[in-house]
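Working notes for the structure below.
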Amino acid sequence: MFSKLDKYWRHPALYWPLLILFAAATPFTFAPYYHFWLMPLIFGAFVRLIELRPRFAASSAYLFGLTAYTTQFYWIHTALHDVSGLPDLYAVPLTFLLPAYLALYPALCFWLWKKFTLPRGIKTGLVLPILWTLTEFARERFLTGFGWGAIGYSQITPDSPLAGFAPLGGIHMVTLATAFLGVWLVLASDNTARSGKRLLPIILIAALLAAGYTARQTDFTSPDGSRSTVALLQGNIAQTIKWREDQVIPTIQKYYEQVGKTTADIVILPETAIPVMRQNLPENILAQFAEQAQNNGSALAVGISQYTSDGNGYENAIINLTSYQENNQDGIPYYAKNHLVPFGEYKPLPFLTTPLYKMMDMPLSDFRKGGGKQSALMMKNQKIAFNICYEDGFGDELIAAAKDATLLANVSNMAWYGKSNAMYQHLQQSQARAMELGRYMVRATNTGATAIISPKGNIIAQAQPDTETVLEGHIKGYVGETPYMKTGSSWWLMGILTLTALILFIVFPFRLKPRPLGR
């Protein structure tokens with residue numbers, strides 16, 4: 001197959017269009033499409049193209065990344081232009097800015113790959129997946145990180161055996177497995193190689209899929225015997241009116257009525273559901289919410305912004321009104337968002353970005369961090385580890401709280417991105433976190449995707465997006481730790497991969513050098 005296709009694929013008139021085409025197809029591997037099988041094929045075809053023109057490895061990888069991330073994150077334009085009101089003169093180039101930056105990581109991967117002088121089976125079949133995973137990890141960490149679009153997320157679906165690696169080593173182990181599958185498919189499909197060389201990757205593919213499937217069937221955590229009903233409120237407040245002064249009372253009234261309609265054990269409102277600073281609310285508002293929930297036998301958590309204790313800043317918080325006392329306003333248990341969105345919730349380069357913010361309708365764009373060590377919130381018979389919106393993309397940062405929790409909860413407001421795929425891509429990240437941490441994950445969002453997710457990453461129930469509704473369902477409390485939780489982070493995996501790459505770069509080529517003939 002290779003011998004026939006290579007001469008065509010190598011030609012520039014076909015090579016570059018194919019590269020762009022493969023990259024443009026990557027969004028279909030993620031939610032809401034979930035064509036998980038497509039990602040290893042795309043990755044393998046991408047690698048094979050670069051093998052045909054290694055001189056252009058880094059530039060080809062950059063173009064692939066730029067195309068892939070632009071098509072995956074087109075919704076940046078929605079947030080900047082449609083919602084925030086930034087003119088296209090600025091919105092269009094800024095939409096390409098993030099993909100242009102993210103594409104540096106695939107380029108770095110293949111630039112490093114070219115430095116290795118090894119047999120193809122090792123260089124492509126082992127080194128490349130390792131370098132790809134390391135650069136994906138760096139992308140998730142550097143400059144606060146942006147891990148969306150990691151190829152491992154494409155496998156977070158009930159049908160992919162590779163999803164079984166999530167509780168073993170987190171999403172980066174799934175990325176590593178996906179990259180291995182892609183390159184091994186390339187090696188196994190090469191009919192120009194000897195049959196013996198093709199047999200090994202076939203065996204490795206079978207072993208990889210079997211290992212993932214076995215892990216997928218294994219229960220690393222277990223129910224603690226508790227059961228709860230949950231109600232997840234979806235207000236469907238358009239972002240363009242969310243912070244308008246004339247919409248404050250209608251918004252509060254809407255959520256108050258939704259709280260009154262449910263008798264679930266646990267009721268959760270989305271991120272910044274109440275569009276007023278907590279300390280600026282009339283004192284009787286929170287009291288009425290708490291009383292309504294208590295009358296229905298519910299524990300209530302509300303997304304709201306609040307001033308910091310020193311009064312000099314503000315936080316994005318979820319407050320627990322379960323045991324609310326009107327005379328103890330400062331004693332309300334809460335979780336405050338710690339991993340903030342750069343350029344959205346804080347200004348990394350204020351001297352450059354402040355003029356742009358003045359052109360956009362973007363309130364509360366300079367939050368304070370809540371702190372890394374925050375306890376789970378007790379609601380009825382569940383200890384809930386909350387995270388807020390963007391934080392759900394960072395599994396390592398959720399491990400500590402999850403160890404002491406029986407339930408995970410994400411509150412989000414994805415109205416910034418309209419009816420785009422952003423809400424579904426975010427949902428898939430929650431599926432990954434549920435699998436990694438072995439607990440139910442509930443999601444309360446403003447416009448979607450509001451959902452209940454099982455510890456196996458399966459979507460148990462999901463609300464219709466862009467509607468005003470209350471999603472009710474049942475969950476079980478879970479205890480125990482997955483192997484990923486026991487390690488505490490992804491750093492151990494990155495350490496092993498880095499050490500392996502260094503050994504292959506320094507030691508292995510030296511051993512391949514021919515020895516001088518003795519006298």
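Every chain in the structure tokens has a letter given in the order shown (A, B, ...), and although residue numbers restart at 1 in each chain, ligands are simply numbered from 1 in the order shown.
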
Long-range neighbours of segment 199-213 of chain A as number ranges by chain, 9 Å cut-off, only C-alpha atoms, 3 positions minimum in chain: A: 121, 125, 160-165, 177, 180-181, 183-188, 194-196, 216-218

Within 10 Å of Pro106 of chain A, counting only C-alpha atoms, which residues show up once you throw out same-chain ones fewer than 6 positions away? Write them as a list in words, please. Ala57, Ala58, Ser59, Ser60, Ala61, Tyr62, Leu63, Phe64, Gly65, Leu66, Leu112, Leu131, Trp132, Thr133, Thr135, Glu136 and Arg139 of chain A

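Checking A:Ala376, A:Ala293, A:Ala402, A:Ile388 one by one against Tyr478 of chain A, counting only C-alpha atoms, you find the shortest gap at A:Ala402.
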
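Neighbours of Val127 of chain A closer than or equal to 9 Å, with only C-alpha atoms counted and sequence neighbours fewer than 4 positions away skipped, come out as A:Trp113, A:Phe116, A:Ile122, A:Lys123, A:Leu131, A:Trp132, A:Thr500, A:Ala501, A:Leu504.
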
For the selection just defined, write its residues with N, CA, C and O atoms to a file, as a PDB file, in the first residue's frame.
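Result went into out_19.pdb, see below:
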ATOM      1  N   TRP A 113      12.179  15.228  17.270  1.00  0.00           N
ATOM      2  CA  TRP A 113      12.161  13.893  16.667  1.00  0.00           C
ATOM      3  C   TRP A 113      13.241  13.748  15.604  1.00  0.00           C
ATOM      4  O   TRP A 113      13.892  12.712  15.500  1.00  0.00           O
ATOM      5  N   PHE A 116      16.897  12.614  16.587  1.00  0.00           N
ATOM      6  CA  PHE A 116      17.216  11.235  16.970  1.00  0.00           C
ATOM      7  C   PHE A 116      17.733  10.465  15.763  1.00  0.00           C
ATOM      8  O   PHE A 116      17.132  10.497  14.680  1.00  0.00           O
ATOM      9  N   ILE A 122      12.175   2.203  16.025  1.00  0.00           N
ATOM     10  CA  ILE A 122      12.321   2.816  17.343  1.00  0.00           C
ATOM     11  C   ILE A 122      12.020   4.309  17.277  1.00  0.00           C
ATOM     12  O   ILE A 122      11.318   4.847  18.135  1.00  0.00           O
ATOM     13  N   LYS A 123      12.523   4.967  16.248  1.00  0.00           N
ATOM     14  CA  LYS A 123      12.355   6.420  16.143  1.00  0.00           C
ATOM     15  C   LYS A 123      10.888   6.806  15.980  1.00  0.00           C
ATOM     16  O   LYS A 123      10.385   7.715  16.655  1.00  0.00           O
ATOM     17  N   LEU A 131       7.627  11.809  22.581  1.00  0.00           N
ATOM     18  CA  LEU A 131       7.807  13.252  22.407  1.00  0.00           C
ATOM     19  C   LEU A 131       6.466  13.966  22.265  1.00  0.00           C
ATOM     20  O   LEU A 131       6.282  15.078  22.786  1.00  0.00           O
ATOM     21  N   TRP A 132       5.527  13.328  21.565  1.00  0.00           N
ATOM     22  CA  TRP A 132       4.208  13.948  21.385  1.00  0.00           C
ATOM     23  C   TRP A 132       3.528  14.126  22.745  1.00  0.00           C
ATOM     24  O   TRP A 132       2.957  15.180  23.037  1.00  0.00           O
ATOM     25  N   THR A 500      13.354   7.954  29.328  1.00  0.00           N
ATOM     26  CA  THR A 500      13.427   7.049  28.179  1.00  0.00           C
ATOM     27  C   THR A 500      13.931   7.771  26.939  1.00  0.00           C
ATOM     28  O   THR A 500      14.793   7.267  26.207  1.00  0.00           O
ATOM     29  N   ALA A 501      13.407   8.966  26.700  1.00  0.00           N
ATOM     30  CA  ALA A 501      13.827   9.745  25.533  1.00  0.00           C
ATOM     31  C   ALA A 501      15.311  10.096  25.614  1.00  0.00           C
ATOM     32  O   ALA A 501      16.036  10.027  24.607  1.00  0.00           O
ATOM     33  N   LEU A 504      17.422   7.019  24.855  1.00  0.00           N
ATOM     34  CA  LEU A 504      17.403   6.716  23.423  1.00  0.00           C
ATOM     35  C   LEU A 504      18.197   7.736  22.616  1.00  0.00           C
ATOM     36  O   LEU A 504      18.746   7.418  21.562  1.00  0.00           O
TER      37      LEU A 504
END

Quick one: everything within 8 Å of Lys337 of chain A, counting only C-alpha atoms, minus sequence neighbours fewer than 2 positions away in the same chain. Send it as a ChimeraX atom specification. /A:315-317,335,339-340,369-371,387-388,391

When DSSP works through the backbone of this structure, what residues of segment 137-244 of chain A end up as strand (DSSP E or B), shown as an MDAnalysis selection string? chainID A and resid 222:234

Those same residues - N, CA, C and O atoms - I'd like them written as an mmCIF file, in the first residue's frame.
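Final output, again_8.cif:
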data_model
loop_
_atom_site.group_PDB
_atom_site.id
_atom_site.type_symbol
_atom_site.label_atom_id
_atom_site.label_comp_id
_atom_site.auth_asym_id
_atom_site.auth_seq_id
_atom_site.Cartn_x
_atom_site.Cartn_y
_atom_site.Cartn_z
ATOM 1 N N SER A 222 -15.085 2.128 44.607
ATOM 2 C CA SER A 222 -16.310 1.375 44.895
ATOM 3 C C SER A 222 -17.334 2.265 45.586
ATOM 4 O O SER A 222 -16.978 3.255 46.249
ATOM 5 N N PRO A 223 -18.617 1.921 45.460
ATOM 6 C CA PRO A 223 -19.658 2.693 46.149
ATOM 7 C C PRO A 223 -19.494 2.593 47.663
ATOM 8 O O PRO A 223 -19.096 1.549 48.186
ATOM 9 N N ASP A 224 -19.811 3.666 48.373
ATOM 10 C CA ASP A 224 -19.710 3.653 49.835
ATOM 11 C C ASP A 224 -21.053 3.332 50.492
ATOM 12 O O ASP A 224 -21.181 3.385 51.717
ATOM 13 N N GLY A 225 -22.053 3.021 49.657
ATOM 14 C CA GLY A 225 -23.375 2.675 50.176
ATOM 15 C C GLY A 225 -24.351 3.829 50.196
ATOM 16 O O GLY A 225 -25.561 3.628 50.384
ATOM 17 N N SER A 226 -23.875 5.049 49.997
ATOM 18 C CA SER A 226 -24.767 6.215 50.011
ATOM 19 C C SER A 226 -25.368 6.454 48.631
ATOM 20 O O SER A 226 -24.745 6.176 47.610
ATOM 21 N N ARG A 227 -26.572 6.958 48.633
ATOM 22 C CA ARG A 227 -27.269 7.332 47.399
ATOM 23 C C ARG A 227 -27.898 8.704 47.586
ATOM 24 O O ARG A 227 -28.352 9.036 48.689
ATOM 25 N N SER A 228 -27.931 9.473 46.528
ATOM 26 C CA SER A 228 -28.523 10.810 46.599
ATOM 27 C C SER A 228 -29.212 11.146 45.287
ATOM 28 O O SER A 228 -28.807 10.662 44.224
ATOM 29 N N THR A 229 -30.227 11.964 45.386
ATOM 30 C CA THR A 229 -30.805 12.555 44.185
ATOM 31 C C THR A 229 -30.197 13.939 44.004
ATOM 32 O O THR A 229 -29.924 14.644 44.978
ATOM 33 N N VAL A 230 -29.942 14.304 42.767
ATOM 34 C CA VAL A 230 -29.352 15.611 42.477
ATOM 35 C C VAL A 230 -30.243 16.366 41.494
ATOM 36 O O VAL A 230 -30.912 15.758 40.647
ATOM 37 N N ALA A 231 -30.250 17.673 41.632
ATOM 38 C CA ALA A 231 -30.942 18.548 40.691
ATOM 39 C C ALA A 231 -29.949 19.593 40.211
ATOM 40 O O ALA A 231 -29.358 20.321 41.022
ATOM 41 N N LEU A 232 -29.736 19.644 38.912
ATOM 42 C CA LEU A 232 -28.766 20.541 38.305
ATOM 43 C C LEU A 232 -29.533 21.591 37.522
ATOM 44 O O LEU A 232 -30.228 21.280 36.555
ATOM 45 N N LEU A 233 -29.409 22.843 37.951
ATOM 46 C CA LEU A 233 -30.218 23.917 37.381
ATOM 47 C C LEU A 233 -29.536 24.542 36.174
ATOM 48 O O LEU A 233 -28.341 24.851 36.215
ATOM 49 N N GLN A 234 -30.285 24.704 35.105
ATOM 50 C CA GLN A 234 -29.793 25.313 33.869
ATOM 51 C C GLN A 234 -30.697 26.495 33.540
ATOM 52 O O GLN A 234 -31.816 26.329 33.082
#

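Closest to Met379 of chain A among A:Pro12, A:Gly477, A:Gly495, A:Pro342 is A:Gly477, based on only C-alpha atoms.
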
Figure out the distance between atom CA of Pro158 of chain A and atom CA of Tyr417 of chain A, please, to one decimal in Å. 26.3 Å

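Using only C-alpha atoms, the smallest distance between any of A:Leu118, A:Glu271, A:Phe30, A:Ala461 and Val507 of chain A comes from A:Leu118.
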
What parts of segment 270-391 of chain A does DSSP call alpha helix (DSSP H)? I'd like the answer as a VMD selection string. chain A and resid 283 to 295 350 to 359

Can I get the selection written as an mmCIF file, in the first residue's frame, with C-alpha atoms?
data_model
loop_
_atom_site.group_PDB
_atom_site.id
_atom_site.type_symbol
_atom_site.label_atom_id
_atom_site.label_comp_id
_atom_site.auth_asym_id
_atom_site.auth_seq_id
_atom_site.Cartn_x
_atom_site.Cartn_y
_atom_site.Cartn_z
ATOM 1 C CA GLU A 283 -29.349 39.972 53.066
ATOM 2 C CA ASN A 284 -32.772 38.404 52.659
ATOM 3 C CA ILE A 285 -32.019 36.995 49.146
ATOM 4 C CA LEU A 286 -29.661 34.229 50.256
ATOM 5 C CA ALA A 287 -31.884 33.581 53.274
ATOM 6 C CA GLN A 288 -34.872 33.019 50.989
ATOM 7 C CA PHE A 289 -32.904 30.649 48.754
ATOM 8 C CA ALA A 290 -31.688 28.694 51.780
ATOM 9 C CA GLU A 291 -35.152 28.553 53.341
ATOM 10 C CA GLN A 292 -36.743 27.377 50.087
ATOM 11 C CA ALA A 293 -34.202 24.571 49.757
ATOM 12 C CA GLN A 294 -34.520 23.577 53.421
ATOM 13 C CA ASN A 295 -38.310 23.432 53.140
ATOM 14 C CA PRO A 350 -2.445 44.293 31.486
ATOM 15 C CA PHE A 351 -0.358 46.994 29.790
ATOM 16 C CA LEU A 352 -1.113 45.326 26.426
ATOM 17 C CA THR A 353 -4.589 43.885 26.966
ATOM 18 C CA THR A 354 -6.372 46.650 28.890
ATOM 19 C CA PRO A 355 -7.180 48.644 25.688
ATOM 20 C CA LEU A 356 -8.865 45.535 24.223
ATOM 21 C CA TYR A 357 -10.936 44.974 27.358
ATOM 22 C CA LYS A 358 -12.237 48.516 27.070
ATOM 23 C CA MET A 359 -13.688 47.585 23.667
#
